[in-house]
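Have a look at data.pdb below; it lists PDB, C-alpha atoms.
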ATOM      1  CA  MET A   1      27.417 -12.457  -1.021
ATOM      2  CA  THR A   2      25.412 -15.298   0.492
ATOM      3  CA  GLU A   3      21.694 -14.689   0.757
ATOM      4  CA  ALA A   4      19.448 -16.538   3.132
ATOM      5  CA  ASN A   5      16.091 -17.691   1.811
ATOM      6  CA  PRO A   6      13.623 -16.067   4.186
ATOM      7  CA  PHE A   7      10.630 -18.090   2.955
ATOM      8  CA  ARG A   8       9.133 -21.136   4.686
ATOM      9  CA  PRO A   9       7.618 -24.105   2.806
ATOM     10  CA  VAL A  10       3.946 -23.468   2.013
ATOM     11  CA  ASP A  11       1.602 -25.408   4.293
ATOM     12  CA  ASP A  12      -2.081 -25.365   5.258
ATOM     13  CA  THR A  13      -1.387 -22.848   8.020
ATOM     14  CA  ALA A  14      -0.100 -20.393   5.425
ATOM     15  CA  ARG A  15      -2.963 -21.169   3.019
ATOM     16  CA  GLY A  16      -5.559 -20.697   5.755
ATOM     17  CA  LEU A  17      -4.034 -17.428   6.941
ATOM     18  CA  ALA A  18      -3.893 -16.083   3.383
ATOM     19  CA  ARG A  19      -7.507 -17.089   2.771
ATOM     20  CA  ASP A  20      -8.617 -15.405   6.013
ATOM     21  CA  LEU A  21      -6.870 -12.182   4.976
ATOM     22  CA  ILE A  22      -8.619 -12.254   1.573
ATOM     23  CA  GLU A  23     -12.046 -12.982   3.077
ATOM     24  CA  GLY A  24     -11.605 -10.225   5.655
ATOM     25  CA  ALA A  25     -10.297  -7.495   3.361
ATOM     26  CA  THR A  26     -12.590  -4.462   3.187
ATOM     27  CA  TYR A  27      -9.842  -2.298   1.703
ATOM     28  CA  GLY A  28      -6.225  -2.448   0.681
ATOM     29  CA  ALA A  29      -3.283  -0.626  -0.860
ATOM     30  CA  LEU A  30      -3.206  -0.857  -4.663
ATOM     31  CA  ALA A  31       0.182  -0.424  -6.351
ATOM     32  CA  THR A  32       0.153   0.568 -10.020
ATOM     33  CA  LEU A  33       2.689   1.736 -12.567
ATOM     34  CA  GLN A  34       2.442   5.439 -13.373
ATOM     35  CA  PRO A  35       1.514   5.678 -17.070
ATOM     36  CA  GLY A  36       4.538   6.311 -19.265
ATOM     37  CA  LYS A  37       6.974   6.125 -16.349
ATOM     38  CA  THR A  38       9.062   3.521 -14.555
ATOM     39  CA  MET A  39       7.635   4.718 -11.240
ATOM     40  CA  PRO A  40       4.969   3.066  -9.132
ATOM     41  CA  SER A  41       2.158   4.730  -7.262
ATOM     42  CA  VAL A  42       0.018   3.401  -4.432
ATOM     43  CA  SER A  43      -3.472   4.280  -3.240
ATOM     44  CA  ARG A  44      -6.270   2.955  -1.063
ATOM     45  CA  ILE A  45      -9.160   1.084  -2.631
ATOM     46  CA  ALA A  46     -12.228  -0.687  -1.282
ATOM     47  CA  LEU A  47     -12.257  -4.473  -1.675
ATOM     48  CA  ALA A  48     -14.705  -7.350  -1.483
ATOM     49  CA  THR A  49     -14.723 -10.960  -2.626
ATOM     50  CA  ASP A  50     -16.541 -12.162  -5.730
ATOM     51  CA  GLU A  51     -18.518 -15.414  -5.870
ATOM     52  CA  ALA A  52     -15.399 -17.439  -6.679
ATOM     53  CA  GLY A  53     -13.542 -16.034  -3.678
ATOM     54  CA  GLY A  54     -11.388 -13.633  -5.691
ATOM     55  CA  LEU A  55     -10.954  -9.935  -4.958
ATOM     56  CA  VAL A  56     -12.878  -7.157  -6.681
ATOM     57  CA  THR A  57     -12.936  -3.387  -6.313
ATOM     58  CA  LEU A  58     -15.293  -0.602  -7.395
ATOM     59  CA  ILE A  59     -13.350   2.407  -8.684
ATOM     60  CA  SER A  60     -13.860   5.633 -10.602
ATOM     61  CA  THR A  61     -12.360   6.512 -13.969
ATOM     62  CA  LEU A  62     -11.531   9.912 -12.426
ATOM     63  CA  ALA A  63      -8.938   8.303 -10.151
ATOM     64  CA  ASP A  64      -5.256   8.145 -11.115
ATOM     65  CA  HIS A  65      -5.097   4.428 -10.279
ATOM     66  CA  THR A  66      -7.877   3.619 -12.765
ATOM     67  CA  ARG A  67      -6.018   5.377 -15.589
ATOM     68  CA  ALA A  68      -2.849   3.565 -14.539
ATOM     69  CA  LEU A  69      -4.590   0.160 -14.651
ATOM     70  CA  HIS A  70      -5.990   0.940 -18.111
ATOM     71  CA  ALA A  71      -2.457   1.724 -19.319
ATOM     72  CA  ASN A  72      -0.891  -1.298 -17.571
ATOM     73  CA  PRO A  73      -3.084  -3.847 -15.766
ATOM     74  CA  ALA A  74      -0.112  -5.351 -13.874
ATOM     75  CA  CYS A  75      -0.583  -4.351 -10.256
ATOM     76  CA  ALA A  76      -0.171  -5.418  -6.643
ATOM     77  CA  LEU A  77      -2.384  -5.361  -3.556
ATOM     78  CA  LEU A  78      -1.468  -5.246   0.120
ATOM     79  CA  ILE A  79      -4.161  -6.438   2.513
ATOM     80  CA  GLY A  80      -4.279  -7.250   6.227
ATOM     81  CA  GLU A  81      -4.438  -4.036   8.214
ATOM     82  CA  PRO A  82      -3.458  -3.857  11.876
ATOM     83  CA  GLY A  83      -5.924  -2.287  14.263
ATOM     84  CA  GLU A  84      -4.984   0.813  16.210
ATOM     85  CA  ALA A  85      -3.517  -1.223  19.057
ATOM     86  CA  GLY A  86      -1.682  -3.733  16.882
ATOM     87  CA  ASP A  87       2.022  -3.779  16.110
ATOM     88  CA  PRO A  88       2.120  -3.117  12.337
ATOM     89  CA  LEU A  89       5.183  -5.314  11.825
ATOM     90  CA  THR A  90       3.835  -8.399  13.575
ATOM     91  CA  HIS A  91       0.305  -8.188  12.128
ATOM     92  CA  PRO A  92      -0.163 -10.651   9.232
ATOM     93  CA  ARG A  93      -0.364  -9.123   5.767
ATOM     94  CA  LEU A  94      -0.518 -10.404   2.228
ATOM     95  CA  THR A  95       0.996  -8.980  -0.953
ATOM     96  CA  LEU A  96      -0.811 -10.075  -4.107
ATOM     97  CA  HIS A  97       0.657  -9.709  -7.594
ATOM     98  CA  ALA A  98      -2.169  -9.472 -10.089
ATOM     99  CA  GLU A  99      -3.583  -8.321 -13.390
ATOM    100  CA  ALA A 100      -6.569  -5.999 -13.252
ATOM    101  CA  ARG A 101      -9.527  -6.970 -15.424
ATOM    102  CA  PHE A 102     -12.171  -4.296 -16.073
ATOM    103  CA  VAL A 103     -15.783  -5.511 -16.095
ATOM    104  CA  ALA A 104     -18.022  -3.899 -18.735
ATOM    105  CA  ARG A 105     -20.947  -2.017 -17.149
ATOM    106  CA  ASP A 106     -23.464  -3.496 -19.590
ATOM    107  CA  SER A 107     -22.397  -7.101 -18.935
ATOM    108  CA  ALA A 108     -24.201  -9.798 -16.975
ATOM    109  CA  GLU A 109     -21.061 -10.103 -14.824
ATOM    110  CA  HIS A 110     -21.492  -6.451 -13.787
ATOM    111  CA  GLY A 111     -25.025  -7.210 -12.628
ATOM    112  CA  HIS A 112     -23.899 -10.174 -10.533
ATOM    113  CA  LEU A 113     -21.001  -8.262  -9.020
ATOM    114  CA  ARG A 114     -23.205  -5.224  -8.308
ATOM    115  CA  ALA A 115     -25.745  -7.315  -6.371
ATOM    116  CA  ARG A 116     -23.089  -9.129  -4.346
ATOM    117  CA  TYR A 117     -21.022  -6.004  -3.694
ATOM    118  CA  LEU A 118     -24.026  -4.033  -2.428
ATOM    119  CA  ALA A 119     -24.963  -6.908  -0.140
ATOM    120  CA  LEU A 120     -21.438  -6.902   1.310
ATOM    121  CA  ARG A 121     -20.816  -3.111   1.192
ATOM    122  CA  PRO A 122     -24.206  -1.372   1.483
ATOM    123  CA  LYS A 123     -22.684   2.123   1.619
ATOM    124  CA  ALA A 124     -21.546   1.688  -1.986
ATOM    125  CA  LYS A 125     -25.139   2.189  -3.172
ATOM    126  CA  LEU A 126     -24.387   5.928  -2.979
ATOM    127  CA  TYR A 127     -22.043   5.734  -5.982
ATOM    128  CA  VAL A 128     -22.211   2.268  -7.588
ATOM    129  CA  ASP A 129     -24.407   3.590 -10.404
ATOM    130  CA  PHE A 130     -22.386   6.734 -11.129
ATOM    131  CA  THR A 131     -21.328   6.467 -14.767
ATOM    132  CA  ASP A 132     -17.636   6.849 -13.903
ATOM    133  CA  PHE A 133     -17.642   3.850 -11.500
ATOM    134  CA  GLY A 134     -17.011   0.258 -12.480
ATOM    135  CA  PHE A 135     -15.837  -3.075 -11.142
ATOM    136  CA  VAL A 136     -12.320  -4.395 -11.555
ATOM    137  CA  CYS A 137     -11.416  -8.016 -10.783
ATOM    138  CA  PHE A 138      -7.898  -8.959  -9.733
ATOM    139  CA  GLU A 139      -6.458 -12.060 -11.421
ATOM    140  CA  ILE A 140      -3.825 -13.087  -8.888
ATOM    141  CA  SER A 141      -0.596 -14.732 -10.089
ATOM    142  CA  GLU A 142       1.330 -15.073  -6.811
ATOM    143  CA  ALA A 143       1.290 -13.939  -3.218
ATOM    144  CA  LEU A 144       3.729 -13.140  -0.448
ATOM    145  CA  LEU A 145       2.420 -13.762   3.039
ATOM    146  CA  ASN A 146       4.128 -12.153   5.981
ATOM    147  CA  GLY A 147       2.919 -13.530   9.292
ATOM    148  CA  GLY A 148       5.221 -11.365  11.368
ATOM    149  CA  PHE A 149       8.961 -11.093  11.926
ATOM    150  CA  GLY A 150      10.722 -14.062  10.298
ATOM    151  CA  LYS A 151       7.503 -15.776   9.151
ATOM    152  CA  ALA A 152       7.190 -15.414   5.384
ATOM    153  CA  TRP A 153       5.749 -17.621   2.671
ATOM    154  CA  ARG A 154       5.601 -17.305  -1.118
ATOM    155  CA  LEU A 155       2.300 -18.731  -2.366
ATOM    156  CA  ALA A 156       0.998 -19.646  -5.793
ATOM    157  CA  SER A 157      -2.435 -18.611  -7.045
ATOM    158  CA  ALA A 158      -3.797 -22.130  -6.353
ATOM    159  CA  ASP A 159      -2.825 -21.823  -2.677
ATOM    160  CA  LEU A 160      -5.326 -18.964  -2.352
ATOM    161  CA  ALA A 161      -8.412 -20.829  -3.575
ATOM    162  CA  PRO A 162     -11.266 -21.140  -1.065
ATOM    163  CA  ASP A 163     -11.265 -24.961  -1.215
ATOM    164  CA  GLN A 164      -7.701 -25.058   0.132
ATOM    165  CA  ARG A 165      -9.155 -24.482   3.596
ATOM    166  CA  THR A 166     -10.655 -27.962   3.762
ATOM    167  CA  THR A 167      -7.623 -29.938   2.551
TER
ATOM    168  CA  MET B   1     -14.037  12.587 -23.666
ATOM    169  CA  THR B   2     -14.293  15.324 -21.070
ATOM    170  CA  GLU B   3     -12.539  14.656 -17.799
ATOM    171  CA  ALA B   4     -13.299  16.520 -14.621
ATOM    172  CA  ASN B   5     -10.339  17.659 -12.543
ATOM    173  CA  PRO B   6     -10.972  16.074  -9.152
ATOM    174  CA  PHE B   7      -8.281  18.094  -7.365
ATOM    175  CA  ARG B   8      -8.880  21.136  -5.163
ATOM    176  CA  PRO B   9      -6.461  24.095  -4.977
ATOM    177  CA  VAL B  10      -3.770  23.471  -2.353
ATOM    178  CA  ASP B  11      -4.365  25.441   0.845
ATOM    179  CA  ASP B  12      -3.118  25.418   4.452
ATOM    180  CA  THR B  13      -5.818  22.920   5.415
ATOM    181  CA  ALA B  14      -4.381  20.443   2.926
ATOM    182  CA  ARG B  15      -0.796  21.206   3.968
ATOM    183  CA  GLY B  16      -1.631  20.764   7.657
ATOM    184  CA  LEU B  17      -3.478  17.499   7.062
ATOM    185  CA  ALA B  18      -0.601  16.123   4.980
ATOM    186  CA  ARG B  19       1.902  17.137   7.653
ATOM    187  CA  ASP B  20      -0.173  15.482  10.382
ATOM    188  CA  LEU B  21      -0.291  12.246   8.377
ATOM    189  CA  ILE B  22       3.508  12.293   7.948
ATOM    190  CA  GLU B  23       4.159  13.044  11.636
ATOM    191  CA  GLY B  24       1.749  10.310  12.713
ATOM    192  CA  ALA B  25       2.939   7.557  10.378
ATOM    193  CA  THR B  26       4.356   4.538  12.215
ATOM    194  CA  TYR B  27       4.048   2.358   9.119
ATOM    195  CA  GLY B  28       2.878   2.481   5.532
ATOM    196  CA  ALA B  29       2.530   0.622   2.258
ATOM    197  CA  LEU B  30       5.653   0.817   0.084
ATOM    198  CA  ALA B  31       5.189   0.352  -3.672
ATOM    199  CA  THR B  32       8.250  -0.647  -5.667
ATOM    200  CA  LEU B  33       8.971  -1.861  -9.180
ATOM    201  CA  GLN B  34       9.771  -5.574  -9.380
ATOM    202  CA  PRO B  35      13.376  -5.833 -10.666
ATOM    203  CA  GLY B  36      13.509  -6.475 -14.398
ATOM    204  CA  LYS B  37       9.728  -6.273 -14.810
ATOM    205  CA  THR B  38       7.082  -3.658 -15.564
ATOM    206  CA  MET B  39       5.120  -4.852 -12.543
ATOM    207  CA  PRO B  40       4.847  -3.165  -9.171
ATOM    208  CA  SER B  41       4.835  -4.804  -5.774
ATOM    209  CA  VAL B  42       3.674  -3.432  -2.435
ATOM    210  CA  SER B  43       4.601  -4.310   1.136
ATOM    211  CA  ARG B  44       4.339  -2.962   4.655
ATOM    212  CA  ILE B  45       7.259  -1.076   6.185
ATOM    213  CA  ALA B  46       7.835   0.720   9.466
ATOM    214  CA  LEU B  47       8.205   4.507   9.233
ATOM    215  CA  ALA B  48       9.415   7.395  11.355
ATOM    216  CA  THR B  49      10.380  10.998  10.709
ATOM    217  CA  ASP B  50      13.967  12.172  10.496
ATOM    218  CA  GLU B  51      15.213  15.437  12.039
ATOM    219  CA  ALA B  52      14.154  17.453   8.981
ATOM    220  CA  GLY B  53      10.624  16.062   9.107
ATOM    221  CA  GLY B  54      11.095  13.639   6.228
ATOM    222  CA  LEU B  55      10.238   9.954   6.303
ATOM    223  CA  VAL B  56      12.723   7.163   6.972
ATOM    224  CA  THR B  57      12.451   3.394   7.259
ATOM    225  CA  LEU B  58      14.638   0.607   8.640
ATOM    226  CA  ILE B  59      14.626  -2.420   6.328
ATOM    227  CA  SER B  60      16.477  -5.676   5.722
ATOM    228  CA  THR B  61      18.452  -6.575   2.620
ATOM    229  CA  LEU B  62      16.691  -9.955   2.799
ATOM    230  CA  ALA B  63      13.363  -8.337   1.880
ATOM    231  CA  ASP B  64      12.140  -8.219  -1.714
ATOM    232  CA  HIS B  65      11.366  -4.492  -1.413
ATOM    233  CA  THR B  66      14.971  -3.699  -0.467
ATOM    234  CA  ARG B  67      16.302  -5.472  -3.571
ATOM    235  CA  ALA B  68      13.678  -3.667  -5.649
ATOM    236  CA  LEU B  69      14.745  -0.259  -4.299
ATOM    237  CA  HIS B  70      18.393  -1.056  -5.030
ATOM    238  CA  ALA B  71      17.457  -1.867  -8.632
ATOM    239  CA  ASN B  72      15.135   1.157  -9.005
ATOM    240  CA  PRO B  73      14.869   3.728  -6.196
ATOM    241  CA  ALA B  74      11.644   5.225  -7.629
ATOM    242  CA  CYS B  75       8.885   4.262  -5.225
ATOM    243  CA  ALA B  76       5.661   5.365  -3.579
ATOM    244  CA  LEU B  77       4.307   5.328  -0.030
ATOM    245  CA  LEU B  78       0.740   5.237   1.249
ATOM    246  CA  ILE B  79       0.236   6.470   4.806
ATOM    247  CA  GLY B  80      -2.788   7.306   6.939
ATOM    248  CA  GLU B  81      -4.375   4.124   8.208
ATOM    249  CA  PRO B  82      -7.951   3.961   9.440
ATOM    250  CA  GLY B  83      -8.568   2.420  12.826
ATOM    251  CA  GLU B  84     -10.731  -0.651  13.173
ATOM    252  CA  ALA B  85     -13.898   1.402  13.496
ATOM    253  CA  GLY B  86     -13.090   3.895  10.735
ATOM    254  CA  ASP B  87     -14.514   3.902   7.231
ATOM    255  CA  PRO B  88     -11.440   3.209   5.061
ATOM    256  CA  LEU B  89     -12.702   5.385   2.196
ATOM    257  CA  THR B  90     -13.398   8.488   4.271
ATOM    258  CA  HIS B  91     -10.240   8.267   6.407
ATOM    259  CA  PRO B  92      -7.558  10.716   5.160
ATOM    260  CA  ARG B  93      -4.576   9.156   3.417
ATOM    261  CA  LEU B  94      -1.525  10.413   1.588
ATOM    262  CA  THR B  95       0.271   8.966  -1.426
ATOM    263  CA  LEU B  96       3.902  10.051  -1.684
ATOM    264  CA  HIS B  97       6.001   9.648  -4.840
ATOM    265  CA  ALA B  98       9.631   9.405  -3.854
ATOM    266  CA  GLU B  99      13.172   8.235  -4.482
ATOM    267  CA  ALA B 100      14.698   5.919  -1.913
ATOM    268  CA  ARG B 101      18.160   6.887  -0.659
ATOM    269  CA  PHE B 102      20.159   4.214   1.210
ATOM    270  CA  VAL B 103      22.163   5.446   4.202
ATOM    271  CA  ALA B 104      25.595   3.829   4.625
ATOM    272  CA  ARG B 105      25.893   1.971   7.939
ATOM    273  CA  ASP B 106      29.323   3.448   8.673
ATOM    274  CA  SER B 107      28.204   7.065   8.128
ATOM    275  CA  ALA B 108      27.564   9.795  10.696
ATOM    276  CA  GLU B 109      24.044  10.066   9.268
ATOM    277  CA  HIS B 110      23.405   6.432  10.215
ATOM    278  CA  GLY B 111      24.392   7.209  13.800
ATOM    279  CA  HIS B 112      22.038  10.200  13.992
ATOM    280  CA  LEU B 113      19.166   8.272  12.431
ATOM    281  CA  ARG B 114      19.794   5.262  14.683
ATOM    282  CA  ALA B 115      19.585   7.376  17.850
ATOM    283  CA  ARG B 116      16.439   9.187  16.743
ATOM    284  CA  TYR B 117      14.741   6.064  15.408
ATOM    285  CA  LEU B 118      15.336   4.108  18.627
ATOM    286  CA  ALA B 119      13.958   7.013  20.668
ATOM    287  CA  LEU B 120      10.791   6.994  18.521
ATOM    288  CA  ARG B 121      10.528   3.202  17.978
ATOM    289  CA  PRO B 122      12.159   1.485  20.978
ATOM    290  CA  LYS B 123      11.193  -2.026  19.818
ATOM    291  CA  ALA B 124      13.567  -1.619  16.852
ATOM    292  CA  LYS B 125      16.535  -2.107  19.212
ATOM    293  CA  LEU B 126      15.952  -5.847  18.716
ATOM    294  CA  TYR B 127      17.159  -5.678  15.103
ATOM    295  CA  VAL B 128      18.596  -2.237  14.318
ATOM    296  CA  ASP B 129      22.167  -3.561  14.608
ATOM    297  CA  PHE B 130      21.630  -6.725  12.552
ATOM    298  CA  THR B 131      24.086  -6.475   9.648
ATOM    299  CA  ASP B 132      21.323  -6.851   7.047
ATOM    300  CA  PHE B 133      19.336  -3.863   8.357
ATOM    301  CA  GLY B 134      19.822  -0.277   7.248
ATOM    302  CA  PHE B 135      18.062   3.062   6.998
ATOM    303  CA  VAL B 136      16.460   4.354   3.821
ATOM    304  CA  CYS B 137      15.335   7.984   3.476
ATOM    305  CA  PHE B 138      12.513   8.909   1.112
ATOM    306  CA  GLU B 139      13.127  12.002  -1.041
ATOM    307  CA  ILE B 140       9.568  13.039  -1.849
ATOM    308  CA  SER B 141       8.795  14.642  -5.215
ATOM    309  CA  GLU B 142       5.000  15.009  -4.997
ATOM    310  CA  ALA B 143       2.027  13.910  -2.963
ATOM    311  CA  LEU B 144      -1.640  13.113  -3.456
ATOM    312  CA  LEU B 145      -3.820  13.780  -0.444
ATOM    313  CA  ASN B 146      -7.240  12.190  -0.225
ATOM    314  CA  GLY B 147      -9.295  13.599   2.614
ATOM    315  CA  GLY B 148     -12.326  11.444   1.863
ATOM    316  CA  PHE B 149     -14.858  11.163  -0.932
ATOM    317  CA  GLY B 150     -14.432  14.097  -3.351
ATOM    318  CA  LYS B 151     -11.710  15.820  -1.312
ATOM    319  CA  ALA B 152      -8.404  15.435  -3.143
ATOM    320  CA  TRP B 153      -5.335  17.603  -3.455
ATOM    321  CA  ARG B 154      -2.095  17.262  -5.428
ATOM    322  CA  LEU B 155       0.772  18.709  -3.375
ATOM    323  CA  ALA B 156       4.353  19.599  -4.187
ATOM    324  CA  SER B 157       7.279  18.562  -2.021
ATOM    325  CA  ALA B 158       7.484  22.094  -0.537
ATOM    326  CA  ASP B 159       3.872  21.808   0.677
ATOM    327  CA  LEU B 160       4.970  18.970   2.976
ATOM    328  CA  ALA B 161       7.718  20.836   4.842
ATOM    329  CA  PRO B 162       7.210  21.164   8.609
ATOM    330  CA  ASP B 163       7.358  24.988   8.514
ATOM    331  CA  GLN B 164       4.260  25.087   6.316
ATOM    332  CA  ARG B 165       2.208  24.494   9.433
ATOM    333  CA  THR B 166       2.885  27.961  10.786
ATOM    334  CA  THR B 167       2.203  29.986   7.628
TER
END
If you took the structure in this file and wrote it as C-alpha cells, what would it be?
Amino acid sequence: MTEANPFRPVDDTARGLARDLIEGATYGALATLQPGKTMPSVSRIALATDEAGGLVTLISTLADHTRALHANPACALLIGEPGEAGDPLTHPRLTLHAEARFVARDSAEHGHLRARYLALRPKAKLYVDFTDFGFVCFEISEALLNGGFGKAWRLASADLAPDQRTT
Amino acid sequence: MTEANPFRPVDDTARGLARDLIEGATYGALATLQPGKTMPSVSRIALATDEAGGLVTLISTLADHTRALHANPACALLIGEPGEAGDPLTHPRLTLHAEARFVARDSAEHGHLRARYLALRPKAKLYVDFTDFGFVCFEISEALLNGGFGKAWRLASADLAPDQRTT
C-alpha cells in the first residue's frame, strides 16, 4: 500500500496560525488515558495562556480527567472551535500532544498563575480557591495543525513559541 | 482521603439532554490511542446519526486518527459545542466511550449509510466516494454528561437509545 504524506512543510504561516489558536483558546477538548485501561477519554476544560505563552487549565480533583492525568500525565488537547455558522471541517484546529504538570497550591508559581488566570478569566474567582481546584500546565511535545481540507502541518514544540511570530 | 461522588442519579432529564446532544452533533472531538504508545491524541471529526440513532463518521485512511482506530478501536467522543457567545463551562457536553467499527466499502451497510449521510451532510458528496474515505460506526459503552457546573451524570448505553425520550 502506498501512503501519501498529507503534511505540508512547516512555514511561518503555519506557525502564526498555531500561535493564534493558542492565544485565542478559552477552552478545549482534553484527551486522557483512562486509569488502568488502554482506552482514552475526552472532556472539555477551560484554558488560558501562562506568562511564557504556554497553555494552562484550572481543574478539580473531583473530575475524572484530573485522576487520569495523575495516573498518566501524557495527554492531548484540541483547540480552535468553529462558531455556530462555521463549517467544522474547514475551521482551523490544533492538536497538541503534551505532558500535564500539576502546580502545587502552596507554590509561588500557583500565586503567579492565579493572578494571571483571574485577570484573563474573571469568572474563575468563583472556584479558584476551592481546595479541590488547582492549575495544570501543559508541556507540549508536538502539534498537528489542520487548516482545513488538505491543509495539514506537523509542528515541533519550538514552532509554537510566541517569538516565532516575528521571525 | 474522602471523595465526593459528583454524579447525580440518571433520570429522564439527563437521558433527554444526552439524546439531544447526539441528534444535534455535526462534529466532535475524537480521542484515540497513539499506535504503540500509552499516549492519547484528539482530533476533530464530522458526525451524523445512523438509522438506529447511533453516531457515525466519514474519515480518510490518510488521517492519523484512522490509523489509530485500526490499531486500537477503543476511543472516546466529546460532543456538544458552545456557540461563540456561550460560556464553554456551562454549555452541556457529552463524553462517549466507544469502540470504532469500520464499515466495508463494498457492503450493503455502506450503501445505506452513504445515502443517509449525504442527505444529512450534502457537502460530503465532494469526498464520500474517494477511495481513502469510509464510514466508522461508534459502539457506545458508557457516557458522561456534563450539564454545567455541578451537574454531572454517568449514563449507560441503554440510556442513550432514541426510545428513551418517550418514557
- request: Would you kindly report the residues of chain A within 8 Å of chain B, using only C-alpha atoms, as a ChimeraX atom specification?
  value: /A:3-6,26-27,29-33,38-46,62,74-78,83-84,88-89,93,95-97
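Distance annotation: of A:Leu17, A:Ala25, A:Leu160, A:Leu113, the residue with the minimal separation from A:Val128 is A:Leu113; atom set is only C-alpha atoms.
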- prompt: For this file, the PyMOL selection byres ((chain B and resi 150-153) around 8) selects which residues, as a PyMOL selection string?
  reply: chain B and resi 6-10+14+144-149+154-155
Please define a box with edges along x, y and z of the file around all atoms of stretch 113-121 of chain A given in the file, extend it by 8 Å on each side, and return its centre and edge lengths in Å to one decimal, as JSON.
{"center_x": -23.3, "center_y": -6.1, "center_z": -3.9, "size_x": 20.9, "size_y": 22.0, "size_z": 26.3}
message: Can you measure atom CA of B:Thr13 to atom CA of B:Gly53 for me? One decimal in Å is fine.
response: 18.2 Å
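Residue selection for this entry, given the PyMOL selection byres ((chain B and resi 103) around 12), comprises Val56, Thr57, Leu58, Ile59, His70, Ala100, Arg101, Phe102, Ala104, Arg105, Asp106, Ser107, Ala108, Glu109, His110, Gly111, His112, Leu113, Arg114, Phe133, Gly134, Phe135, Val136, Cys137 and Phe138 of chain B.
Reported to one decimal place, the separation of atom CA of A:Lys123 from atom CA of A:Asp163 is 29.5 Å.
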- line: One residue among A:Asp12, A:Asp132, A:Ala48, A:Pro92 is nearest to A:Ala119 when using all atoms listed in the file, and that residue is A:Ala48
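Between atom CA of B:Asp50 and atom CA of B:Ala115 there is a distance of 10.4 Å.
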